[in-house]
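Raw contents of protein28.cif, mmCIF, C-alpha atoms:
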```cif
data_upload
loop_
_atom_site.group_PDB
_atom_site.id
_atom_site.type_symbol
_atom_site.label_atom_id
_atom_site.label_comp_id
_atom_site.auth_asym_id
_atom_site.auth_seq_id
_atom_site.Cartn_x
_atom_site.Cartn_y
_atom_site.Cartn_z
ATOM 1 C CA MET A 1 0.000 0.000 0.000
ATOM 2 C CA SER A 2 1.440 3.407 -0.966
ATOM 3 C CA ILE A 3 1.831 6.317 1.441
ATOM 4 C CA ALA A 4 -0.728 8.328 -0.532
ATOM 5 C CA ARG A 5 -3.393 5.626 -0.158
ATOM 6 C CA LYS A 6 -2.496 4.850 3.454
ATOM 7 C CA PHE A 7 -2.723 8.483 4.533
ATOM 8 C CA LYS A 8 -5.541 10.100 2.556
ATOM 9 C CA SER A 9 -6.200 13.041 4.870
ATOM 10 C CA PRO A 10 -3.800 15.950 5.452
ATOM 11 C CA ALA A 11 -3.910 15.248 9.190
ATOM 12 C CA SER A 12 -2.751 11.685 8.646
ATOM 13 C CA ARG A 13 0.064 12.781 6.389
ATOM 14 C CA VAL A 14 1.197 15.323 8.957
ATOM 15 C CA ALA A 15 1.096 12.613 11.642
ATOM 16 C CA ALA A 16 3.285 10.370 9.519
ATOM 17 C CA VAL A 17 5.849 13.107 8.983
ATOM 18 C CA VAL A 18 5.855 13.930 12.700
ATOM 19 C CA LEU A 19 6.386 10.238 13.505
ATOM 20 C CA VAL A 20 9.389 9.919 11.215
ATOM 21 C CA LEU A 21 10.948 13.171 12.452
ATOM 22 C CA SER A 22 10.322 12.175 16.066
ATOM 23 C CA LEU A 23 11.968 8.799 15.649
ATOM 24 C CA ILE A 24 14.982 10.376 13.941
ATOM 25 C CA ALA A 25 15.200 13.096 16.588
ATOM 26 C CA ALA A 26 14.960 10.515 19.358
ATOM 27 C CA ALA A 27 17.828 8.531 17.921
ATOM 28 C CA MET A 28 19.967 11.669 17.459
ATOM 29 C CA SER A 29 19.136 12.888 20.956
ATOM 30 C CA ALA A 30 20.028 9.543 22.476
ATOM 31 C CA ARG A 31 23.351 9.597 20.695
ATOM 32 C CA ARG A 32 24.063 13.074 21.988
ATOM 33 C CA ILE A 33 23.102 12.119 25.534
ATOM 34 C CA ASP A 34 25.335 9.045 25.336
ATOM 35 C CA GLU A 35 28.236 11.336 24.395
ATOM 36 C CA MET A 36 27.467 13.898 27.113
ATOM 37 C CA ARG A 37 26.765 11.372 29.867
ATOM 38 C CA PRO A 38 28.905 8.248 29.351
ATOM 39 C CA GLU A 39 27.574 6.800 32.606
ATOM 40 C CA ALA A 40 23.928 7.033 31.480
ATOM 41 C CA ARG A 41 22.221 3.733 30.820
ATOM 42 C CA LEU A 42 20.402 3.130 27.554
ATOM 43 C CA GLU A 43 17.107 2.583 29.398
ATOM 44 C CA GLU A 44 17.301 6.153 30.694
ATOM 45 C CA VAL A 45 17.674 7.905 27.377
ATOM 46 C CA LEU A 46 15.822 6.367 24.492
ATOM 47 C CA TYR A 47 13.552 3.399 24.247
ATOM 48 C CA LEU A 48 9.978 2.552 24.865
ATOM 49 C CA GLN A 49 10.087 -1.076 25.905
ATOM 50 C CA SER A 50 6.609 -2.186 24.853
ATOM 51 C CA PRO A 51 6.327 -3.492 21.279
ATOM 52 C CA ALA A 52 2.557 -2.895 21.418
ATOM 53 C CA VAL A 53 3.047 0.800 22.197
ATOM 54 C CA ILE A 54 5.692 1.168 19.523
ATOM 55 C CA LYS A 55 3.461 -0.506 16.932
ATOM 56 C CA PHE A 56 0.602 1.840 17.857
ATOM 57 C CA MET A 57 2.789 4.922 17.603
ATOM 58 C CA SER A 58 4.295 3.810 14.286
ATOM 59 C CA LEU A 59 0.938 4.216 12.504
ATOM 60 C CA GLY A 60 1.592 0.999 10.614
ATOM 61 C CA TYR A 61 5.212 1.737 9.745
ATOM 62 C CA THR A 62 6.617 -0.955 12.002
ATOM 63 C CA GLY A 63 9.300 -1.785 9.442
ATOM 64 C CA LEU A 64 10.764 1.693 9.852
ATOM 65 C CA ALA A 65 10.673 1.408 13.636
ATOM 66 C CA ALA A 66 12.312 -2.036 13.449
ATOM 67 C CA SER A 67 15.114 -0.653 11.286
ATOM 68 C CA ILE A 68 15.786 2.107 13.811
ATOM 69 C CA TYR A 69 15.906 -0.381 16.693
ATOM 70 C CA TRP A 70 18.168 -2.706 14.695
ATOM 71 C CA THR A 71 20.518 0.181 13.899
ATOM 72 C CA ARG A 72 20.727 1.058 17.586
ATOM 73 C CA ALA A 73 21.336 -2.599 18.484
ATOM 74 C CA VAL A 74 24.312 -2.647 16.107
ATOM 75 C CA GLN A 75 25.583 0.655 17.544
ATOM 76 C CA TYR A 76 25.200 -0.643 21.090
ATOM 77 C CA PHE A 77 27.059 -3.845 20.265
ATOM 78 C CA GLY A 78 29.797 -1.981 18.397
ATOM 79 C CA GLU A 79 30.366 0.439 21.275
ATOM 80 C CA LYS A 80 30.561 -2.412 23.793
ATOM 81 C CA HIS A 81 32.838 -4.444 21.536
ATOM 82 C CA TYR A 82 35.168 -1.486 20.986
ATOM 83 C CA ALA A 83 35.329 -0.893 24.747
ATOM 84 C CA LYS A 84 36.109 -4.616 25.300
ATOM 85 C CA ALA A 85 33.096 -4.860 27.590
ATOM 86 C CA LYS A 86 32.321 -8.035 29.483
ATOM 87 C CA ARG A 87 28.564 -7.435 29.683
ATOM 88 C CA PHE A 88 26.030 -6.735 26.929
ATOM 89 C CA ASP A 89 22.918 -6.737 29.094
ATOM 90 C CA LEU A 90 20.697 -4.694 26.788
ATOM 91 C CA LEU A 91 21.502 -6.562 23.592
ATOM 92 C CA PRO A 92 18.828 -9.302 23.978
ATOM 93 C CA LYS A 93 16.188 -6.672 24.734
ATOM 94 C CA LEU A 94 17.110 -4.584 21.687
ATOM 95 C CA LEU A 95 17.104 -7.628 19.415
ATOM 96 C CA ASP A 96 13.758 -8.858 20.730
ATOM 97 C CA LEU A 97 12.184 -5.431 20.205
ATOM 98 C CA THR A 98 13.548 -5.326 16.676
ATOM 99 C CA VAL A 99 12.032 -8.635 15.601
ATOM 100 C CA ASP A 100 8.827 -7.995 17.549
ATOM 101 C CA LEU A 101 8.365 -5.060 15.193
ATOM 102 C CA ASP A 102 9.505 -6.919 12.079
ATOM 103 C CA PRO A 103 9.647 -10.736 12.429
ATOM 104 C CA HIS A 104 11.088 -10.999 8.908
ATOM 105 C CA LEU A 105 14.120 -8.735 9.326
ATOM 106 C CA ILE A 106 16.691 -11.321 8.231
ATOM 107 C CA PRO A 107 19.908 -9.439 9.190
ATOM 108 C CA ALA A 108 18.703 -9.008 12.764
ATOM 109 C CA TYR A 109 18.542 -12.785 13.240
ATOM 110 C CA SER A 110 21.673 -13.580 11.227
ATOM 111 C CA PHE A 111 24.007 -11.046 12.834
ATOM 112 C CA GLY A 112 22.168 -10.737 16.149
ATOM 113 C CA SER A 113 22.537 -14.439 16.910
ATOM 114 C CA ILE A 114 26.296 -14.271 16.353
ATOM 115 C CA PHE A 115 26.560 -11.081 18.424
ATOM 116 C CA LEU A 116 24.823 -12.958 21.245
ATOM 117 C CA ALA A 117 26.704 -16.228 20.922
ATOM 118 C CA GLN A 118 30.403 -15.400 20.988
ATOM 119 C CA GLN A 119 32.328 -14.858 24.197
ATOM 120 C CA PRO A 120 33.053 -11.281 25.384
ATOM 121 C CA PRO A 121 34.277 -8.963 24.084
ATOM 122 C CA GLU A 122 33.726 -10.529 20.636
ATOM 123 C CA GLY A 123 30.118 -11.109 21.647
ATOM 124 C CA ALA A 124 27.715 -11.147 24.569
ATOM 125 C CA GLY A 125 28.607 -14.662 25.743
ATOM 126 C CA MET A 126 24.976 -15.801 25.640
ATOM 127 C CA PRO A 127 24.985 -18.899 23.389
ATOM 128 C CA ASP A 128 21.783 -20.357 24.853
ATOM 129 C CA GLN A 129 19.925 -17.114 24.198
ATOM 130 C CA ALA A 130 21.468 -17.022 20.730
ATOM 131 C CA VAL A 131 19.974 -20.458 20.055
ATOM 132 C CA GLU A 132 16.546 -19.287 21.237
ATOM 133 C CA PHE A 133 16.811 -16.173 19.073
ATOM 134 C CA ILE A 134 17.776 -17.974 15.860
ATOM 135 C CA GLU A 135 15.123 -20.637 16.522
ATOM 136 C CA ARG A 136 12.633 -17.769 16.642
ATOM 137 C CA GLY A 137 13.945 -16.612 13.283
ATOM 138 C CA ILE A 138 13.386 -20.115 11.911
ATOM 139 C CA ARG A 139 9.796 -20.178 13.172
ATOM 140 C CA GLU A 140 9.074 -16.803 11.588
ATOM 141 C CA ASN A 141 10.986 -17.545 8.371
ATOM 142 C CA PRO A 142 10.865 -21.340 7.887
ATOM 143 C CA ASP A 143 12.016 -21.201 4.257
ATOM 144 C CA TYR A 144 15.279 -19.381 4.974
ATOM 145 C CA TRP A 145 17.748 -22.267 5.205
ATOM 146 C CA ARG A 146 20.710 -20.123 6.234
ATOM 147 C CA PHE A 147 19.244 -19.743 9.727
ATOM 148 C CA TYR A 148 19.790 -23.473 10.218
ATOM 149 C CA TYR A 149 23.436 -22.930 9.338
ATOM 150 C CA ASN A 150 23.666 -20.206 11.990
ATOM 151 C CA LEU A 151 22.035 -22.561 14.476
ATOM 152 C CA GLY A 152 24.430 -25.415 13.696
ATOM 153 C CA PHE A 153 27.381 -23.029 13.883
ATOM 154 C CA ILE A 154 26.392 -21.828 17.362
ATOM 155 C CA HIS A 155 25.853 -25.360 18.651
ATOM 156 C CA PHE A 156 29.206 -26.503 17.287
ATOM 157 C CA ILE A 157 31.498 -23.538 17.964
ATOM 158 C CA GLU A 158 30.051 -21.995 21.109
ATOM 159 C CA ARG A 159 28.079 -24.755 22.842
ATOM 160 C CA HIS A 160 30.171 -27.765 21.741
ATOM 161 C CA ASP A 161 26.953 -29.716 21.357
ATOM 162 C CA TYR A 162 27.784 -31.733 18.261
ATOM 163 C CA LYS A 163 24.571 -33.744 18.257
ATOM 164 C CA ALA A 164 22.483 -30.545 18.307
ATOM 165 C CA ALA A 165 24.684 -29.126 15.542
ATOM 166 C CA ALA A 166 24.158 -32.244 13.421
ATOM 167 C CA ASP A 167 20.414 -31.974 13.966
ATOM 168 C CA ALA A 168 20.389 -28.295 12.937
ATOM 169 C CA PHE A 169 22.274 -28.984 9.703
ATOM 170 C CA GLU A 170 20.052 -31.988 8.972
ATOM 171 C CA ARG A 171 16.897 -29.907 9.467
ATOM 172 C CA GLY A 172 18.294 -27.193 7.234
ATOM 173 C CA SER A 173 19.201 -29.653 4.498
ATOM 174 C CA LYS A 174 15.494 -30.435 4.090
ATOM 175 C CA VAL A 175 14.510 -26.836 3.343
ATOM 176 C CA ARG A 176 13.781 -26.215 -0.296
ATOM 177 C CA GLY A 177 16.752 -24.604 -2.028
ATOM 178 C CA ALA A 178 19.204 -25.382 0.776
ATOM 179 C CA ASN A 179 22.858 -25.696 -0.094
ATOM 180 C CA PRO A 180 23.713 -29.402 -0.576
ATOM 181 C CA ALA A 181 26.650 -28.872 1.797
ATOM 182 C CA MET A 182 24.169 -28.771 4.679
ATOM 183 C CA LYS A 183 23.788 -32.536 4.399
ATOM 184 C CA THR A 184 27.567 -32.907 4.380
ATOM 185 C CA MET A 185 27.900 -30.719 7.464
ATOM 186 C CA ALA A 186 25.367 -32.886 9.296
ATOM 187 C CA ALA A 187 27.486 -35.939 8.542
ATOM 188 C CA LEU A 188 30.682 -34.166 9.638
ATOM 189 C CA MET A 189 29.095 -33.304 12.971
ATOM 190 C CA GLU A 190 28.280 -36.961 13.534
ATOM 191 C CA GLN A 191 31.576 -38.402 12.339
ATOM 192 C CA ARG A 192 34.206 -35.756 13.100
ATOM 193 C CA ALA A 193 32.901 -33.742 16.037
ATOM 194 C CA GLY A 194 35.546 -31.321 17.247
ATOM 195 C CA ASN A 195 37.698 -31.834 14.155
ATOM 196 C CA THR A 196 39.830 -28.844 13.098
ATOM 197 C CA GLN A 197 38.877 -29.218 9.441
ATOM 198 C CA THR A 198 35.185 -29.069 10.359
ATOM 199 C CA ALA A 199 35.706 -25.889 12.383
ATOM 200 C CA ARG A 200 37.642 -24.359 9.470
ATOM 201 C CA ILE A 201 34.786 -25.031 7.061
ATOM 202 C CA LEU A 202 32.315 -23.369 9.436
ATOM 203 C CA TRP A 203 34.434 -20.269 10.060
ATOM 204 C CA THR A 204 35.250 -19.945 6.361
ATOM 205 C CA ASN A 205 31.571 -19.980 5.477
ATOM 206 C CA ILE A 206 30.818 -17.360 8.132
ATOM 207 C CA TYR A 207 33.643 -15.177 6.776
ATOM 208 C CA GLU A 208 32.509 -15.468 3.169
ATOM 209 C CA SER A 209 28.776 -15.054 3.803
ATOM 210 C CA THR A 210 28.766 -11.720 5.650
ATOM 211 C CA ASP A 211 29.844 -8.126 5.058
ATOM 212 C CA GLU A 212 29.711 -7.231 8.769
ATOM 213 C CA PRO A 213 33.296 -6.098 9.597
ATOM 214 C CA ILE A 214 33.303 -7.271 13.222
ATOM 215 C CA ILE A 215 32.117 -10.769 12.308
ATOM 216 C CA ARG A 216 34.503 -11.055 9.351
ATOM 217 C CA ARG A 217 37.496 -9.959 11.424
ATOM 218 C CA ASN A 218 36.649 -12.395 14.198
ATOM 219 C CA ALA A 219 36.114 -15.253 11.732
ATOM 220 C CA LEU A 220 39.454 -14.555 10.077
ATOM 221 C CA THR A 221 41.208 -14.426 13.445
ATOM 222 C CA ARG A 222 39.699 -17.817 14.308
ATOM 223 C CA LEU A 223 40.851 -19.231 10.981
ATOM 224 C CA VAL A 224 44.383 -18.011 11.629
ATOM 225 C CA ALA A 225 44.279 -19.672 15.058
ATOM 226 C CA LEU A 226 43.127 -22.944 13.509
ATOM 227 C CA ARG A 227 45.995 -22.815 11.045
ATOM 228 C CA VAL A 228 48.492 -22.340 13.896
ATOM 229 C CA ASP A 229 46.963 -25.228 15.849
ATOM 230 C CA GLU A 230 47.193 -27.480 12.820
ATOM 231 C CA ASP A 231 50.744 -26.366 11.994
ATOM 232 C CA VAL A 232 51.925 -27.059 15.532
ATOM 233 C CA TRP A 233 50.191 -30.441 15.628
ATOM 234 C CA ASN A 234 51.883 -31.457 12.376
ATOM 235 C CA LEU A 235 55.286 -30.163 13.476
ATOM 236 C CA ASP A 236 55.073 -31.951 16.820
ATOM 237 C CA HIS A 237 54.185 -35.138 14.965
ATOM 238 C CA LEU A 238 57.273 -34.738 12.756
ATOM 239 C CA LEU A 239 59.430 -34.011 15.795
ATOM 240 C CA GLU A 240 58.215 -37.194 17.469
ATOM 241 C CA LYS A 241 59.035 -39.086 14.290
ATOM 242 C CA TYR A 242 62.558 -37.615 14.271
ATOM 243 C CA ILE A 243 63.152 -38.417 17.962
ATOM 244 C CA ASP A 244 61.886 -41.977 17.548
ATOM 245 C CA HIS A 245 64.127 -42.474 14.535
ATOM 246 C CA THR A 246 67.321 -40.878 15.877
ATOM 247 C CA GLY A 247 66.938 -41.270 19.625
ATOM 248 C CA SER A 248 67.818 -37.608 20.190
ATOM 249 C CA THR A 249 65.995 -34.273 20.423
ATOM 250 C CA PRO A 250 66.834 -31.835 17.604
ATOM 251 C CA HIS A 251 68.371 -28.473 18.465
ATOM 252 C CA SER A 252 67.292 -26.721 15.270
ATOM 253 C CA TRP A 253 64.955 -27.122 12.325
ATOM 254 C CA GLN A 254 67.983 -27.598 10.125
ATOM 255 C CA GLU A 255 68.430 -31.088 11.560
ATOM 256 C CA LEU A 256 64.964 -32.071 10.310
ATOM 257 C CA ILE A 257 65.656 -30.413 6.974
ATOM 258 C CA SER A 258 68.924 -32.321 6.593
ATOM 259 C CA GLY A 259 67.096 -35.519 7.478
ATOM 260 C CA GLY A 260 64.557 -34.958 4.711
ATOM 261 C CA ILE A 261 61.651 -34.508 7.149
ATOM 262 C CA LEU A 262 61.118 -30.799 6.403
ATOM 263 C CA ARG A 263 61.660 -28.832 3.207
ATOM 264 C CA GLY A 264 62.434 -25.590 4.974
ATOM 265 C CA VAL A 265 62.115 -23.648 8.217
ATOM 266 C CA PRO A 266 58.402 -23.645 9.138
ATOM 267 C CA ALA A 267 56.792 -20.228 9.622
ATOM 268 C CA ASP A 268 53.585 -19.112 11.341
ATOM 269 C CA PRO A 269 50.887 -17.069 9.514
ATOM 270 C CA SER A 270 52.694 -13.814 10.370
ATOM 271 C CA GLY A 271 55.828 -15.046 8.621
ATOM 272 C CA ASP A 272 57.857 -15.590 11.795
ATOM 273 C CA PRO A 273 59.614 -18.977 12.072
ATOM 274 C CA TYR A 274 58.198 -21.340 14.662
ATOM 275 C CA LYS A 275 60.553 -21.783 17.611
ATOM 276 C CA LEU A 276 61.864 -25.198 18.601
ATOM 277 C CA THR A 277 61.877 -25.820 22.369
ATOM 278 C CA THR A 278 64.606 -27.760 24.133
ATOM 279 C CA ASP A 279 62.198 -30.594 24.842
ATOM 280 C CA GLY A 280 61.253 -30.993 21.189
ATOM 281 C CA HIS A 281 58.066 -28.999 20.628
ATOM 282 C CA ALA A 282 57.039 -26.241 18.207
ATOM 283 C CA VAL A 283 55.810 -22.913 19.598
ATOM 284 C CA VAL A 284 55.022 -19.479 18.169
ATOM 285 C CA GLN A 285 57.383 -16.610 18.847
ATOM 286 C CA ASN A 286 54.684 -14.144 19.889
ATOM 287 C CA PRO A 287 51.354 -15.587 21.118
ATOM 288 C CA GLN A 288 49.877 -12.057 21.246
ATOM 289 C CA LYS A 289 49.588 -12.284 17.472
ATOM 290 C CA PHE A 290 47.318 -15.319 17.676
ATOM 291 C CA PRO A 291 44.231 -15.066 19.889
ATOM 292 C CA PHE A 292 42.339 -18.315 20.538
ATOM 293 C CA ILE A 293 45.195 -20.711 19.704
ATOM 294 C CA GLN A 294 45.210 -23.966 21.669
ATOM 295 C CA ARG A 295 48.656 -25.222 20.649
ATOM 296 C CA GLY A 296 52.129 -23.733 20.295
ATOM 297 C CA ILE A 297 51.965 -21.414 23.319
ATOM 298 C CA PRO A 298 55.390 -20.898 24.937
ATOM 299 C CA ARG A 299 55.669 -22.037 28.533
ATOM 300 C CA GLY A 300 54.708 -19.303 30.989
ATOM 301 C CA GLN A 301 52.813 -17.299 28.382
ATOM 302 C CA SER A 302 49.209 -17.268 27.217
ATOM 303 C CA SER A 303 47.174 -16.597 24.117
ATOM 304 C CA PRO A 304 44.797 -13.606 24.336
ATOM 305 C CA GLU A 305 41.078 -14.256 24.309
ATOM 306 C CA THR A 306 40.317 -11.218 22.202
ATOM 307 C CA ILE A 307 41.652 -9.577 19.054
ATOM 308 C CA THR A 308 44.846 -7.616 19.693
ATOM 309 C CA PRO A 309 46.654 -4.891 17.699
ATOM 310 C CA GLU A 310 49.296 -7.493 16.815
ATOM 311 C CA SER A 311 46.693 -9.959 15.557
ATOM 312 C CA ARG A 312 44.980 -7.306 13.424
ATOM 313 C CA LYS A 313 48.181 -6.930 11.419
ATOM 314 C CA VAL A 314 48.411 -10.689 10.942
ATOM 315 C CA VAL A 315 44.843 -11.221 9.715
ATOM 316 C CA GLU A 316 45.111 -8.475 7.084
ATOM 317 C CA GLY A 317 47.248 -10.750 4.933
ATOM 318 C CA ALA A 318 45.877 -14.115 6.028
ATOM 319 C CA GLN A 319 44.437 -16.696 3.657
ATOM 320 C CA VAL A 320 41.085 -18.201 4.597
ATOM 321 C CA THR A 321 40.717 -20.838 1.912
ATOM 322 C CA PRO A 322 40.608 -24.268 3.613
ATOM 323 C CA ARG A 323 43.772 -26.243 2.916
#
```

Translate this file's structure into structure tokens.
Amino acid sequence: MSIARKFKSPASRVAAVVLVLSLIAAAMSARRIDEMRPEARLEEVLYLQSPAVIKFMSLGYTGLAASIYWTRAVQYFGEKHYAKAKRFDLLPKLLDLTVDLDPHLIPAYSFGSIFLAQQPPEGAGMPDQAVEFIERGIRENPDYWRFYYNLGFIHFIERHDYKAAADAFERGSKVRGANPAMKTMAALMEQRAGNTQTARILWTNIYESTDEPIIRRNALTRLVALRVDEDVWNLDHLLEKYIDHTGSTPHSWQELISGGILRGVPADPSGDPYKLTTDGHAVVQNPQKFPFIQRGIPRGQSSPETITPESRKVVEGAQVTPR
């Protein structure tokens, strides 16, 4: 229905204009208040919290209201993420209000579920609520198979519930037009739960299927970490092979190269050579470059649980194609 037909009287047209200007002014005012009073809570400065009231005030333009709420949800998440916050208490409320107003706003479910699922500060650390939210998206949009992928991803990566992940991919594979790989992913969940290759496929798909910078950067960082974990596992396996064969622990990579086990000095994704410990293990030189790695961490050090300035430089040139 066009605006002209929806608002036939001058009074109605004026009301519509006032509504739009009011919503825009409210958003701008809230932003200004946030800047003037950093300690102010979002509840104090902007939002009506009743979807019924918002729908009434929108005069039928609930899609516009939903878009404004979704924009503020993204802003709220971005501000918290930038500040490396540990709590994102208002995010579920903002997302619920958004989809109450427009149950078919696909980006809100797709990105919102990932915002909810991942651990702080990359996300809100609410994987169970993320599952509930994306399941709601599935109920409202049953023909959108990609939501099942999001669901399987959350179960696998964040909840480590491989059976639930397999079920999500299997359900999604039955939706008309679904990518045939959904069936393959269901089988991988059943047969290779926790496998590095499976995790790489999932993160690669997330990276390639979104334009959201925060999600892409996090996915790429995870892919870099998986590569390091796999590199270290392979190098440790070769070191064990060398020790078993020679009866001694190598002091340098050159010994493995001379023995025909390696072709050259192995390097991490940043280009730095892996270090060889005195007890025969491979480690990275600087773990601050590689958040989320599980292997190759030098003794007495730790890998950060969030993206660091060092890791940002690494991911800029990283390759995400599964090897």

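Applied to the file shown here, the PyMOL selection byres ((chain A and resi 133-141) around 8) selects the residues Pro103, His104, Ile106, Tyr109, Ser110, Ser113, Gln129, Ala130, Val131, Glu132, Pro142, Asp143, Tyr144, Phe147, Tyr148, Asn150 and Leu151 of chain A.
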
Next item on the list: Run the PyMOL selection byres ((chain A and resi 217-224) around 8) against the file shown and list the residues it catches, as a ChimeraX atom specification.
Entry: /A:122,200,203-204,206-207,213-216,225-228,269,290-292,307,311,315,318,320

Margin query: From (68.1, -28.4, 21.9), in the file's coordinates, out to 10 Å: which residues are reached, counting all atoms listed in the file? Answer as a PyMOL selection string.
Written below: chain A and resi 248-252+276-280

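With the shown file loaded, the PyMOL selection byres ((chain A and resi 116) around 7) picks out Gly112, Ser113, Ile114, Phe115, Ala117, Gln118, Gly123, Ala124, Gly125, Met126, Pro127 and Ala130 of chain A.
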
Around (55.9, -24.5, 21.0) in the file's own coordinates, what residues are found within 8 Å if you use only C-alpha atoms, given back as a tab-separated table (two decimals) with C-alpha atoms, in the frame of the given file?
```
chain	number	residue	atom	x	y	z
A	232	VAL	CA	51.92	-27.06	15.53
A	274	TYR	CA	58.20	-21.34	14.66
A	275	LYS	CA	60.55	-21.78	17.61
A	276	LEU	CA	61.86	-25.20	18.60
A	277	THR	CA	61.88	-25.82	22.37
A	281	HIS	CA	58.07	-29.00	20.63
A	282	ALA	CA	57.04	-26.24	18.21
A	283	VAL	CA	55.81	-22.91	19.60
A	284	VAL	CA	55.02	-19.48	18.17
A	295	ARG	CA	48.66	-25.22	20.65
A	296	GLY	CA	52.13	-23.73	20.30
A	297	ILE	CA	51.96	-21.41	23.32
A	298	PRO	CA	55.39	-20.90	24.94
A	299	ARG	CA	55.67	-22.04	28.53
```

Next item on the list: Measure the distance from atom CA of Pro120 of chain A to atom CA of Tyr82 of chain A in Å and round it to one decimal.
Entry: 10.9 Å

Next item on the list: Please provide as number ranges by chain all residues within 9 Å of Gly264 of chain A, with the sequence filter that same-chain residues fewer than 3 positions apart are discarded (counting all atoms listed in the file).
Entry: A: 253-254, 256-257

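Straight-line separation from atom CA of Ala73 of chain A to atom CA of Leu91 of chain A: 6.5 Å.
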
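Coordinates place atom CA of Ile293 of chain A at a distance of 29.5 Å from atom CA of Ser258 of chain A.
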
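In terms of minimum interatomic distance to Phe88 of chain A, A:Tyr76 ranks closest within A:Ile243, A:Ser270, A:Tyr76, A:Tyr69, counting all atoms listed in the file.
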
I need segment 237-254 of chain A from the structure I supplied, saved as a CSV table (one decimal), in the first residue's frame with N, CA and C atoms retained.
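Contents of result15.csv, freshly written:
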```csv
chain,number,residue,atom,x,y,z
A,237,HIS,N,54.2,-33.8,15.5
A,237,HIS,CA,54.2,-35.1,15.0
A,237,HIS,C,55.5,-35.5,14.2
A,238,LEU,N,56.0,-34.5,13.5
A,238,LEU,CA,57.3,-34.7,12.8
A,238,LEU,C,58.4,-34.8,13.7
A,239,LEU,N,58.4,-34.0,14.8
A,239,LEU,CA,59.4,-34.0,15.8
A,239,LEU,C,59.5,-35.4,16.5
A,240,GLU,N,58.3,-35.9,16.8
A,240,GLU,CA,58.2,-37.2,17.5
A,240,GLU,C,58.8,-38.3,16.5
A,241,LYS,N,58.5,-38.1,15.3
A,241,LYS,CA,59.0,-39.1,14.3
A,241,LYS,C,60.6,-39.0,14.3
A,242,TYR,N,61.1,-37.8,14.3
A,242,TYR,CA,62.6,-37.6,14.3
A,242,TYR,C,63.2,-38.2,15.5
A,243,ILE,N,62.6,-37.9,16.7
A,243,ILE,CA,63.2,-38.4,18.0
A,243,ILE,C,63.1,-39.9,18.0
A,244,ASP,N,62.0,-40.5,17.6
A,244,ASP,CA,61.9,-42.0,17.5
A,244,ASP,C,62.9,-42.6,16.6
A,245,HIS,N,63.2,-41.9,15.5
A,245,HIS,CA,64.1,-42.5,14.5
A,245,HIS,C,65.6,-42.3,15.0
A,246,THR,N,65.9,-41.2,15.6
A,246,THR,CA,67.3,-40.9,15.9
A,246,THR,C,67.7,-41.1,17.3
A,247,GLY,N,66.7,-41.1,18.2
A,247,GLY,CA,66.9,-41.3,19.6
A,247,GLY,C,67.4,-40.0,20.3
A,248,SER,N,67.4,-38.9,19.6
A,248,SER,CA,67.8,-37.6,20.2
A,248,SER,C,66.9,-36.5,19.8
A,249,THR,N,66.9,-35.4,20.7
A,249,THR,CA,66.0,-34.3,20.4
A,249,THR,C,66.7,-33.3,19.6
A,250,PRO,N,66.1,-32.8,18.5
A,250,PRO,CA,66.8,-31.8,17.6
A,250,PRO,C,67.0,-30.5,18.3
A,251,HIS,N,68.1,-29.8,17.9
A,251,HIS,CA,68.4,-28.5,18.5
A,251,HIS,C,68.0,-27.4,17.5
A,252,SER,N,67.7,-27.7,16.3
A,252,SER,CA,67.3,-26.7,15.3
A,252,SER,C,66.5,-27.4,14.2
A,253,TRP,N,65.7,-26.6,13.4
A,253,TRP,CA,65.0,-27.1,12.3
A,253,TRP,C,65.9,-27.7,11.2
A,254,GLN,N,67.1,-27.2,11.2
A,254,GLN,CA,68.0,-27.6,10.1
A,254,GLN,C,68.2,-29.1,10.2
```
